[in-house]
file input-v7.csv (CSV, C-alpha atoms and all ligand atoms)
chain,number,residue,atom,x,y,z
A,1,MET,CA,-19.7,7.4,12.4
A,2,SER,CA,-16.8,5.0,11.9
A,3,ARG,CA,-13.5,6.8,12.1
A,4,ILE,CA,-11.9,4.8,9.3
A,5,ARG,CA,-14.6,5.7,6.8
A,6,GLY,CA,-14.4,9.5,7.2
A,7,ALA,CA,-14.4,11.2,3.9
A,8,ASP,CA,-11.7,13.6,4.9
A,9,THR,CA,-9.4,11.0,6.4
A,10,ARG,CA,-6.0,10.7,4.7
A,11,PRO,CA,-5.8,7.4,2.7
A,12,GLU,CA,-2.8,6.1,4.8
A,13,GLU,CA,-4.9,6.7,7.9
A,14,ALA,CA,-7.8,4.9,6.5
A,15,VAL,CA,-5.7,1.8,5.7
A,16,ARG,CA,-4.1,2.0,9.1
A,17,GLY,CA,-7.6,2.0,10.7
A,18,LEU,CA,-8.5,-0.9,8.5
A,19,LEU,CA,-5.5,-2.9,9.7
A,20,ARG,CA,-6.3,-2.0,13.3
A,21,SER,CA,-9.9,-3.1,12.9
A,22,LEU,CA,-8.4,-6.5,11.8
A,23,GLY,CA,-6.5,-6.6,15.1
A,24,PHE,CA,-3.1,-5.4,13.9
A,25,ARG,CA,-0.9,-2.6,15.1
A,26,PRO,CA,1.0,-1.4,12.1
A,27,GLN,CA,4.0,0.8,12.4
A,28,LEU,CA,4.2,4.0,10.3
A,29,ASN,CA,6.8,5.2,7.9
A,30,ARG,CA,9.7,3.0,8.8
A,31,ARG,CA,12.6,5.2,7.5
A,32,ASN,CA,15.1,2.4,7.6
A,33,LEU,CA,13.3,0.5,4.9
A,34,PRO,CA,13.5,1.2,1.1
A,35,GLY,CA,10.8,3.6,-0.1
A,36,VAL,CA,9.7,4.4,3.5
A,37,PRO,CA,6.6,2.2,3.4
A,38,ASP,CA,3.4,3.8,4.7
A,39,LEU,CA,2.6,0.9,7.0
A,40,VAL,CA,4.6,-2.0,8.3
A,41,LEU,CA,3.7,-5.2,10.1
A,42,PRO,CA,7.2,-6.3,11.2
A,43,GLY,CA,6.1,-9.6,12.8
A,44,ARG,CA,4.6,-10.7,9.4
A,45,LYS,CA,7.3,-9.1,7.2
A,46,LEU,CA,4.6,-7.2,5.4
A,47,VAL,CA,4.8,-3.6,4.2
A,48,PHE,CA,1.9,-1.6,2.7
A,49,PHE,CA,2.1,1.3,0.3
A,50,VAL,CA,-1.0,3.5,-0.2
A,51,HIS,CA,-0.6,4.8,-3.7
A,52,GLY,CA,-2.4,7.7,-5.3
A,53,CYS,CA,-3.8,6.3,-8.6
A,54,PHE,CA,-2.7,9.5,-10.6
A,55,TRP,CA,0.9,9.7,-9.4
A,56,HIS,CA,1.7,6.0,-9.3
A,57,ARG,CA,-0.3,5.1,-12.5
A,58,HIS,CA,-2.9,2.6,-11.4
A,59,ALA,CA,-3.4,0.4,-14.5
A,60,ARG,CA,-6.8,0.7,-16.2
A,61,CYS,CA,-8.0,3.2,-13.5
A,62,ARG,CA,-9.9,6.2,-14.5
A,63,TYR,CA,-8.0,8.4,-12.0
A,64,ALA,CA,-4.7,7.6,-13.7
A,65,TYR,CA,-5.4,10.0,-16.6
A,66,THR,CA,-2.7,12.0,-18.3
A,67,PRO,CA,-3.2,15.8,-18.4
A,68,LYS,CA,-3.7,17.3,-21.8
A,69,SER,CA,-1.0,19.9,-21.6
A,70,ASN,CA,2.7,19.4,-21.0
A,71,VAL,CA,2.2,15.8,-22.0
A,72,LEU,CA,6.0,15.1,-22.3
A,73,PHE,CA,6.6,16.5,-18.8
A,74,TRP,CA,3.9,14.3,-17.3
A,75,ARG,CA,5.0,11.2,-19.2
A,76,ALA,CA,8.6,11.6,-17.9
A,77,LYS,CA,7.3,12.2,-14.4
A,78,PHE,CA,5.1,9.2,-14.4
A,79,ARG,CA,7.7,7.0,-15.9
A,80,ALA,CA,10.1,8.0,-13.1
A,81,ASN,CA,7.5,7.3,-10.4
A,82,VAL,CA,6.7,3.9,-11.7
A,83,ALA,CA,10.4,3.0,-12.1
A,84,ARG,CA,11.1,4.1,-8.5
A,85,ASP,CA,8.1,2.0,-7.2
A,86,ARG,CA,9.4,-1.0,-9.1
A,87,LEU,CA,12.9,-0.6,-7.7
A,88,VAL,CA,11.6,-0.2,-4.1
A,89,ARG,CA,9.5,-3.4,-4.5
A,90,VAL,CA,12.5,-5.4,-5.7
A,91,GLN,CA,14.7,-4.0,-2.9
A,92,LEU,CA,12.1,-4.9,-0.2
A,93,SER,CA,11.5,-8.4,-1.5
A,94,ARG,CA,15.2,-9.0,-1.6
A,95,LEU,CA,15.2,-8.1,2.1
A,96,GLY,CA,12.4,-10.7,2.7
A,97,TRP,CA,9.5,-8.3,2.9
A,98,ARG,CA,6.2,-8.9,1.1
A,99,VAL,CA,4.8,-5.7,-0.5
A,100,VAL,CA,1.1,-4.9,-0.6
A,101,VAL,CA,0.0,-1.9,-2.7
A,102,VAL,CA,-3.3,-0.3,-1.8
A,103,TRP,CA,-4.7,2.0,-4.4
A,104,GLU,CA,-6.5,5.1,-3.3
A,105,CYS,CA,-9.6,4.2,-5.5
A,106,GLU,CA,-9.9,0.9,-3.5
A,107,LEU,CA,-10.9,2.9,-0.5
A,108,ARG,CA,-14.2,3.6,-2.3
A,109,LEU,CA,-15.0,-0.1,-2.1
A,110,PHE,CA,-14.1,-0.5,1.5
A,111,ASP,CA,-15.5,-3.9,2.2
A,112,ARG,CA,-13.7,-5.4,-0.7
A,113,LEU,CA,-10.4,-3.8,0.3
A,114,ARG,CA,-10.9,-5.1,3.9
A,115,ALA,CA,-11.3,-8.6,2.5
A,116,ARG,CA,-8.2,-8.3,0.4
A,117,MET,CA,-6.2,-7.0,3.3
A,118,ARG,CA,-7.4,-9.8,5.5
A,119,ASN,CA,-6.3,-12.3,2.8
A,120,ALA,CA,-2.9,-10.7,2.4
A,121,VAL,CA,-2.2,-11.0,6.1
A,122,LYS,CA,-3.6,-14.5,6.3
A,123,ARG,CA,-1.5,-15.7,3.3
A,124,GLN,CA,1.6,-14.2,4.8
A,125,SER,CA,1.1,-15.9,8.1
A,126,ALA,CA,0.5,-19.2,6.4
A,127,ARG,CA,3.7,-18.8,4.5
A,128,ARG,CA,5.6,-18.2,7.8
A,129,GLN,CA,4.0,-21.0,9.7
A,130,SER,CA,7.3,-22.7,10.3
A,131,ARG,CA,8.4,-20.0,12.6
A,132,PRO,CA,8.5,-21.2,16.2
A,133,ARG,CA,6.7,-18.2,17.6
A,134,GLN,CA,3.7,-16.5,15.9
A,135,PRO,CA,3.4,-12.8,16.5
A,136,SER,CA,0.4,-12.0,18.6
A,137,VAL,CA,-2.5,-10.4,16.7
B,1,ZN,ZN,-7.2,3.5,-9.0
call {"tool": "encode", "arguments": {"input": "input-v7.csv", "output": "structure tokens"}}
result
Amino acid sequence: MSRIRGADTRPEEAVRGLLRSLGFRPQLNRRNLPGVPDLVLPGRKLVFFVHGCFWHRHARCRYAYTPKSNVLFWRAKFRANVARDRLVRVQLSRLGWRVVVVWECELRLFDRLRARMRNAVKRQSARRQSRPRQPSV
């Protein structure tokens, strides 16, 4: 059984395994970066956040429902989460990082997610082509 597909694997671990299977060695939880991204590819200036659909409000996702009780509490909570996420994305992009958000529900369509991740990394390396030295993959 493939380690990265394990049902009880934490989502961050699953995405880490996916990046490793594409030949990358992501760093974990870089505390010196805004928002402490889950995974970082420093050579490509790419950061990854693995977001739970419920807490981070994945648009049009069935897991991003609002509980029926304490509605005002939940709305305020969700608004704060989304605002924080937005601020962190702005801060990171000002520092020259490209931000990739992986939603937890995407792990259910693993092959599609794998293709998206591969494209994200490829696009980023194309953008940085002018660098004299490419990081090894
Ligand atoms: Zn979702």
call {"tool": "closest_atom_pairs", "arguments": {"input": "input-v7.csv", "of": "chain A", "to": "ligand ZN 1 (chain B)", "cutoff": "8 Å", "atoms": "all atoms listed in the file", "output": "tab-separated table"}}
result
residue	atom	partner	partner_atom	distance
A:Gly52	CA	B:ZN1	ZN	7.4
A:Cys53	CA	B:ZN1	ZN	4.4
A:Phe54	CA	B:ZN1	ZN	7.7
A:Arg57	CA	B:ZN1	ZN	7.9
A:His58	CA	B:ZN1	ZN	5.0
A:Ala59	CA	B:ZN1	ZN	7.4
A:Arg60	CA	B:ZN1	ZN	7.7
A:Cys61	CA	B:ZN1	ZN	4.6
A:Arg62	CA	B:ZN1	ZN	6.7
A:Tyr63	CA	B:ZN1	ZN	5.8
A:Ala64	CA	B:ZN1	ZN	6.7
A:Trp103	CA	B:ZN1	ZN	5.4
A:Glu104	CA	B:ZN1	ZN	6.0
A:Cys105	CA	B:ZN1	ZN	4.3
A:Glu106	CA	B:ZN1	ZN	6.7
call {"tool": "residues_around", "arguments": {"input": "input-v7.csv", "residues": "Arg25 (chain A)", "least_positions_apart": "4", "cutoff": "8 Å", "atoms": "all atoms listed in the file", "output": "short mmCIF file (atom, residue, chain, number, x, y, z; two decimals) with C-alpha atoms, in the coordinates of the input"}}
result
data_model
loop_
_atom_site.label_atom_id
_atom_site.label_comp_id
_atom_site.auth_asym_id
_atom_site.auth_seq_id
_atom_site.Cartn_x
_atom_site.Cartn_y
_atom_site.Cartn_z
CA LEU A 19 -5.50 -2.90 9.70
CA ARG A 20 -6.30 -2.00 13.30
CA LEU A 41 3.70 -5.20 10.10
#
call {"tool": "closest_residue", "arguments": {"input": "input-v7.csv", "among": "A:Arg44, A:Lys68, A:Met117, A:Lys122", "to": "Gly96 (chain A)", "atoms": "only C-alpha atoms"}}
result
A:Arg44
call {"tool": "closest_residue", "arguments": {"input": "input-v7.csv", "among": "A:Arg31, A:Arg112, A:Arg89, A:Arg75", "to": "Phe49 (chain A)", "atoms": "only C-alpha atoms"}}
result
A:Arg89
call {"tool": "atom_distance", "arguments": {"input": "input-v7.csv", "atom1": "CA of Lys77 (chain A)", "atom2": "CA of Gln27 (chain A)"}}
result
29.3 Å
call {"tool": "closest_residue", "arguments": {"input": "input-v7.csv", "among": "A:Leu22, A:Ala120, A:Leu28, A:Val90", "to": "Val102 (chain A)", "atoms": "all atoms listed in the file"}}
result
A:Ala120
call {"tool": "atom_distance", "arguments": {"input": "input-v7.csv", "atom1": "CA of Leu113 (chain A)", "atom2": "CA of Asp38 (chain A)"}}
result
16.4 Å
call {"tool": "closest_residue", "arguments": {"input": "input-v7.csv", "among": "A:Val40, A:Leu46, A:Val88, A:Val82", "to": "Arg123 (chain A)", "atoms": "only C-alpha atoms"}}
result
A:Leu46
call {"tool": "atom_distance", "arguments": {"input": "input-v7.csv", "atom1": "CA of Ala115 (chain A)", "atom2": "CA of Arg10 (chain A)"}}
result
20.1 Å
call {"tool": "closest_residue", "arguments": {"input": "input-v7.csv", "among": "A:Arg114, A:Gly43, A:Arg98, A:Ala80", "to": "Pro26 (chain A)", "atoms": "all atoms listed in the file"}}
result
A:Gly43
call {"tool": "closest_residue", "arguments": {"input": "input-v7.csv", "among": "A:Ser69, A:Pro11, A:Val47, A:Phe24", "to": "Ser93 (chain A)", "atoms": "all atoms listed in the file"}}
result
A:Val47
